[in-house]
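K.L.:
As input, take start32.csv (CSV, C-alpha atoms):
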```csv
chain,number,residue,atom,x,y,z
G,1,MET,CA,-28.4,-54.4,-25.3
G,2,ILE,CA,-26.5,-52.7,-22.4
G,3,LEU,CA,-23.4,-52.4,-24.5
G,4,GLN,CA,-25.4,-50.9,-27.4
G,5,ALA,CA,-26.9,-48.3,-25.0
G,6,ILE,CA,-23.5,-47.4,-23.6
G,7,PHE,CA,-22.1,-46.8,-27.1
G,8,PHE,CA,-25.2,-44.8,-28.0
G,9,TYR,CA,-24.7,-42.4,-25.1
G,10,ILE,CA,-21.0,-42.1,-25.8
G,11,PHE,CA,-21.5,-41.3,-29.5
G,12,ALA,CA,-24.4,-39.0,-28.7
G,13,PHE,CA,-22.5,-37.1,-26.1
G,14,VAL,CA,-19.4,-36.6,-28.2
G,15,THR,CA,-21.5,-35.6,-31.2
G,16,VAL,CA,-23.4,-32.9,-29.2
G,17,ALA,CA,-20.2,-31.7,-27.5
G,18,SER,CA,-18.2,-31.5,-30.7
G,19,SER,CA,-21.1,-29.7,-32.4
G,20,PHE,CA,-21.1,-27.1,-29.7
G,21,MET,CA,-17.3,-26.7,-30.1
G,22,VAL,CA,-17.7,-26.1,-33.8
G,23,ILE,CA,-19.7,-22.9,-33.2
G,24,SER,CA,-17.9,-21.8,-30.1
G,25,SER,CA,-14.2,-22.2,-31.2
G,26,ARG,CA,-12.5,-19.0,-32.1
G,27,ASN,CA,-10.0,-20.7,-34.4
G,28,PRO,CA,-11.7,-21.9,-37.6
G,29,VAL,CA,-9.2,-24.7,-38.0
G,30,TYR,CA,-10.3,-26.1,-34.7
G,31,SER,CA,-14.0,-25.7,-35.8
G,32,VAL,CA,-13.4,-27.9,-38.8
G,33,LEU,CA,-11.5,-30.5,-36.8
G,34,PHE,CA,-14.5,-30.7,-34.3
G,35,LEU,CA,-16.8,-30.9,-37.3
G,36,ILE,CA,-14.9,-34.0,-38.5
G,37,LEU,CA,-15.2,-35.5,-35.0
G,38,ALA,CA,-18.9,-34.9,-35.0
G,39,PHE,CA,-19.3,-36.6,-38.4
G,40,PHE,CA,-17.4,-39.7,-37.2
G,41,ASN,CA,-19.6,-40.0,-34.1
G,42,ALA,CA,-22.8,-39.4,-36.2
G,43,ALA,CA,-21.6,-42.3,-38.4
G,44,GLY,CA,-21.3,-44.4,-35.3
G,45,LEU,CA,-24.9,-43.6,-34.4
G,46,PHE,CA,-25.9,-44.7,-37.9
G,47,LEU,CA,-24.1,-48.0,-37.4
G,48,LEU,CA,-26.0,-48.6,-34.2
G,49,LEU,CA,-29.3,-48.0,-36.2
G,50,GLY,CA,-28.2,-50.6,-38.8
G,51,ALA,CA,-27.8,-48.0,-41.5
G,52,GLU,CA,-24.2,-49.0,-42.5
G,53,PHE,CA,-24.5,-47.4,-46.0
G,54,LEU,CA,-25.4,-43.9,-44.5
G,55,ALA,CA,-22.5,-44.3,-42.0
G,56,MET,CA,-20.0,-45.0,-44.8
G,57,ILE,CA,-21.3,-42.2,-47.0
G,58,LEU,CA,-21.0,-39.8,-44.0
G,59,VAL,CA,-17.4,-40.8,-43.5
G,60,VAL,CA,-16.3,-41.0,-47.1
G,61,VAL,CA,-18.2,-38.0,-48.5
G,62,TYR,CA,-18.5,-35.5,-45.7
G,63,VAL,CA,-15.3,-36.3,-43.8
G,64,GLY,CA,-13.2,-37.4,-46.7
G,65,ALA,CA,-14.2,-34.6,-49.1
G,66,VAL,CA,-16.3,-31.8,-47.6
G,67,ALA,CA,-14.7,-31.3,-44.2
G,68,VAL,CA,-11.1,-31.9,-45.5
G,69,LEU,CA,-11.9,-29.3,-48.3
G,70,PHE,CA,-13.0,-26.9,-45.6
G,71,LEU,CA,-9.8,-27.5,-43.7
G,72,PHE,CA,-7.6,-26.9,-46.7
G,73,VAL,CA,-9.5,-23.7,-47.7
G,74,VAL,CA,-9.2,-22.3,-44.2
G,75,MET,CA,-5.6,-23.2,-43.8
G,76,MET,CA,-4.4,-22.2,-47.3
G,77,LEU,CA,-6.4,-19.0,-48.0
G,78,ASP,CA,-5.6,-15.9,-46.2
G,79,VAL,CA,-9.1,-15.2,-44.9
G,80,ASP,CA,-9.6,-12.2,-42.7
G,81,PHE,CA,-12.2,-13.6,-40.2
G,82,VAL,CA,-12.2,-10.3,-38.2
G,83,GLU,CA,-13.4,-8.4,-41.3
G,84,LEU,CA,-16.1,-11.1,-42.0
G,85,ARG,CA,-17.5,-10.8,-38.5
G,86,GLN,CA,-17.9,-7.0,-38.7
G,87,GLY,CA,-21.2,-7.2,-40.6
G,88,VAL,CA,-22.7,-10.1,-38.7
G,89,LEU,CA,-25.1,-8.0,-36.7
G,90,GLN,CA,-27.1,-6.9,-39.8
G,91,TYR,CA,-28.0,-10.6,-40.4
G,92,LEU,CA,-29.0,-11.2,-36.8
G,93,PRO,CA,-32.8,-10.7,-37.4
G,94,VAL,CA,-32.9,-13.1,-40.3
G,95,GLY,CA,-30.8,-15.6,-38.5
G,96,GLY,CA,-32.9,-15.3,-35.3
G,97,ALA,CA,-36.1,-15.9,-37.3
G,98,ILE,CA,-34.6,-19.0,-39.0
G,99,GLY,CA,-33.4,-20.2,-35.6
G,100,ILE,CA,-36.9,-19.8,-34.0
G,101,ILE,CA,-38.5,-21.7,-36.9
G,102,LEU,CA,-36.0,-24.6,-36.5
G,103,LEU,CA,-36.6,-24.6,-32.8
G,104,VAL,CA,-40.4,-24.8,-33.3
G,105,GLU,CA,-39.9,-27.7,-35.8
G,106,LEU,CA,-37.7,-29.6,-33.4
G,107,VAL,CA,-40.2,-29.1,-30.6
G,108,MET,CA,-43.0,-30.4,-32.8
G,109,VAL,CA,-40.9,-33.5,-33.8
G,110,LEU,CA,-39.8,-34.3,-30.3
G,111,GLY,CA,-43.2,-33.6,-28.8
G,112,GLY,CA,-45.1,-35.7,-31.4
G,113,ALA,CA,-44.9,-38.8,-29.3
G,114,VAL,CA,-46.4,-36.9,-26.3
G,115,ILE,CA,-49.2,-35.3,-28.4
G,116,ASP,CA,-50.0,-38.5,-30.4
G,117,PRO,CA,-48.6,-41.6,-28.7
G,118,GLY,CA,-49.9,-43.8,-31.6
G,119,ALA,CA,-47.9,-41.9,-34.2
G,120,LEU,CA,-44.8,-44.0,-33.6
G,121,ALA,CA,-46.8,-47.2,-34.3
G,122,HIS,CA,-47.2,-46.1,-38.0
G,123,VAL,CA,-43.5,-45.6,-38.7
G,124,PRO,CA,-42.3,-48.3,-41.1
G,125,THR,CA,-39.3,-50.4,-40.4
G,126,PRO,CA,-36.0,-48.9,-41.7
G,127,THR,CA,-35.0,-52.0,-43.7
G,128,PRO,CA,-37.6,-54.4,-45.1
G,129,SER,CA,-37.0,-58.1,-44.6
G,130,GLY,CA,-34.8,-59.7,-47.3
G,131,LEU,CA,-33.2,-56.4,-48.4
G,132,SER,CA,-29.9,-54.9,-47.4
G,133,ASN,CA,-29.8,-51.3,-46.2
G,134,THR,CA,-28.1,-50.1,-49.4
G,135,GLN,CA,-30.7,-51.8,-51.7
G,136,ALA,CA,-33.6,-50.6,-49.6
G,137,LEU,CA,-32.3,-47.0,-49.6
G,138,GLY,CA,-31.7,-47.1,-53.4
G,139,GLU,CA,-35.2,-48.5,-54.2
G,140,ILE,CA,-36.8,-45.7,-52.1
G,141,LEU,CA,-34.7,-42.9,-53.5
G,142,TYR,CA,-35.0,-43.9,-57.2
G,143,THR,CA,-38.7,-44.9,-57.2
G,144,LYS,CA,-40.8,-43.1,-54.6
G,145,TYR,CA,-38.7,-40.0,-54.0
G,146,VAL,CA,-36.9,-39.8,-57.4
G,147,TYR,CA,-38.3,-36.3,-58.2
G,148,PHE,CA,-37.3,-35.0,-54.8
G,149,PHE,CA,-33.8,-36.6,-55.3
G,150,GLU,CA,-33.4,-34.8,-58.6
G,151,ALA,CA,-34.7,-31.6,-57.2
G,152,SER,CA,-32.1,-31.7,-54.4
G,153,GLY,CA,-29.4,-32.3,-57.0
G,154,MET,CA,-30.5,-29.2,-59.0
G,155,VAL,CA,-30.5,-27.2,-55.8
G,156,LEU,CA,-26.9,-28.3,-55.0
G,157,LEU,CA,-25.9,-27.5,-58.6
G,158,VAL,CA,-27.3,-24.0,-58.4
G,159,ALA,CA,-25.6,-23.5,-55.0
G,160,MET,CA,-22.3,-24.6,-56.5
G,161,ILE,CA,-22.6,-22.3,-59.4
G,162,GLY,CA,-23.6,-19.4,-57.1
G,163,ALA,CA,-20.6,-20.1,-54.9
G,164,ILE,CA,-18.2,-20.0,-57.9
G,165,VAL,CA,-19.7,-16.8,-59.2
G,166,LEU,CA,-19.6,-15.1,-55.8
G,167,THR,CA,-16.0,-16.0,-55.1
G,168,MET,CA,-14.6,-15.4,-58.5
G,169,ARG,CA,-12.7,-12.1,-58.4
G,170,HIS,CA,-11.2,-10.5,-61.5
G,171,LYS,CA,-7.9,-8.9,-60.6
G,172,VAL,CA,-6.4,-6.1,-62.6
G,173,GLY,CA,-3.3,-7.0,-64.7
G,174,VAL,CA,-4.0,-10.8,-64.6
G,175,LYS,CA,-4.2,-12.4,-68.1
G,176,ARG,CA,-7.4,-14.4,-68.6
G,177,GLN,CA,-8.7,-16.4,-71.5
G,178,ASP,CA,-11.0,-14.5,-73.9
G,179,ILE,CA,-12.6,-16.9,-76.3
G,180,SER,CA,-14.1,-14.2,-78.6
G,181,VAL,CA,-10.7,-12.7,-79.2
G,182,GLN,CA,-9.2,-16.0,-79.9
G,183,VAL,CA,-11.8,-16.9,-82.4
G,184,ALA,CA,-11.5,-13.5,-84.2
G,185,ARG,CA,-7.8,-13.9,-84.8
G,186,THR,CA,-6.5,-13.8,-88.4
G,187,PRO,CA,-3.4,-15.4,-89.9
G,188,ALA,CA,-1.8,-12.0,-90.0
G,189,THR,CA,-1.9,-11.7,-86.2
G,190,ALA,CA,-1.0,-15.3,-85.5
G,191,MET,CA,2.4,-16.8,-84.9
G,192,THR,CA,4.1,-18.7,-87.7
G,193,VAL,CA,5.8,-22.0,-86.8
G,194,VAL,CA,9.2,-22.3,-88.6
G,195,GLN,CA,11.1,-25.5,-88.9
G,196,VAL,CA,14.8,-24.8,-88.3
G,197,LYS,CA,17.3,-27.3,-89.4
G,198,SER,CA,19.9,-28.5,-87.0
G,199,GLY,CA,23.0,-26.2,-87.0
G,200,GLU,CA,21.2,-23.3,-88.7
G,201,GLY,CA,20.0,-20.1,-87.1
G,202,LEU,CA,17.1,-17.9,-87.9
G,203,ALA,CA,17.7,-15.3,-90.6
G,204,GLY,CA,17.1,-11.7,-89.5
```
How would this structure read if it were set down as structure tokens?
P.N.:
Amino acid sequence: MILQAIFFYIFAFVTVASSFMVISSRNPVYSVLFLILAFFNAAGLFLLLGAEFLAMILVVVYVGAVAVLFLFVVMMLDVDFVELRQGVLQYLPVGGAIGIILLVELVMVLGGAVIDPGALAHVPTPTPSGLSNTQALGEILYTKYVYFFEASGMVLLVAMIGAIVLTMRHKVGVKRQDISVQVARTPATAMTVVQVKSGEGLAG
């Protein structure tokens, strides 16, 4: 029990410290690296809670795909972060309001045990007896919360399409595929494939 508590404090401290470095680092590459470190330590916390499936998903999906994708995008694209930060003050009221709402929610969650000490007694066990963590999570997601699970998938799909639409820029002089023009082509405007025998040239 003492060893488990030691690992918990280590993982928790590194997670909070790396999360702070994500938002305080001036170099975006360092921010992504600290984000990867935070994901690894959060996975360690999940392992201590007995949620090994969530820990592996956090490492494989977020570290192996999302965070590495962020890193490649930041390193390969020539992003002018100075220009992006110029208009950040106009979003300060909205961001401050969202931050205050999140702070109130966190205070309500953390203070729930103080307001109602018996609330924690009604919390179900994370994994029912006789079921693995993966099986219990799958049964909950695909039975009781299946509509919320599908709704979250639709939200992610809309966010992905919106990100593609917002970042897709049409440059002048770049050839792009136009399906309507391709379908409207006639044999007169199409190219003719000619079979040329070996040793013979094309007649003028």
K.L.:
So how far away is atom CA of Thr134 of chain G from atom CA of Phe53 of chain G, in Å?
P.N.:
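Separating atom CA of Phe53 of chain G from atom CA of Thr134 of chain G is a distance of 5.6 Å.
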K.L.:
With all atoms listed in the file counted, which protein, DNA or RNA residues have an atom no more than 12 Å from (-25.1, -37.7, -49.7) in the file frame? Please answer as a compact mmCIF listing (two decimals) with C-alpha atoms, keeping the file's coordinate frame.
P.N.:
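Writing done, so here's result-v1.txt:
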```
# COMPACT_ATOMS: atom_id res chain seq x y z
CA PHE G 53 -24.50 -47.40 -46.00
CA LEU G 54 -25.40 -43.90 -44.50
CA ALA G 55 -22.50 -44.30 -42.00
CA MET G 56 -20.00 -45.00 -44.80
CA ILE G 57 -21.30 -42.20 -47.00
CA LEU G 58 -21.00 -39.80 -44.00
CA VAL G 59 -17.40 -40.80 -43.50
CA VAL G 60 -16.30 -41.00 -47.10
CA VAL G 61 -18.20 -38.00 -48.50
CA TYR G 62 -18.50 -35.50 -45.70
CA VAL G 63 -15.30 -36.30 -43.80
CA ALA G 65 -14.20 -34.60 -49.10
CA VAL G 66 -16.30 -31.80 -47.60
CA LEU G 137 -32.30 -47.00 -49.60
CA LEU G 141 -34.70 -42.90 -53.50
CA PHE G 149 -33.80 -36.60 -55.30
CA SER G 152 -32.10 -31.70 -54.40
CA GLY G 153 -29.40 -32.30 -57.00
CA LEU G 156 -26.90 -28.30 -55.00
```
K.L.:
At what distance in Å, to one decimal, does atom CA of Met191 of chain G lie from atom CA of Ile179 of chain G?
P.N.:
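Interatomic distance, atom CA of Ile179 of chain G to atom CA of Met191 of chain G: 17.3 Å.
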K.L.:
Rounded to one decimal, what separation in Å do you get between atom CA of Ser18 of chain G and atom CA of Leu35 of chain G?
P.N.:
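Going from atom CA of Ser18 of chain G over to atom CA of Leu35 of chain G, I get 6.8 Å.
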K.L.:
Give the answer as one residue: which of G:Leu48, G:Leu71, G:Ile161, G:Ala12 has the shortest atom-to-atom distance to Leu33 of chain G, using only C-alpha atoms?
P.N.:
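Among the listed residues, G:Leu71 lies closest to Leu33 of chain G.
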K.L.:
Could you check the closest approach to Leu47 of chain G for each of G:Ser24, G:Val29, G:Phe7, G:Phe34 and tell me which residue wins, using all atoms listed in the file?
P.N.:
G:Phe7
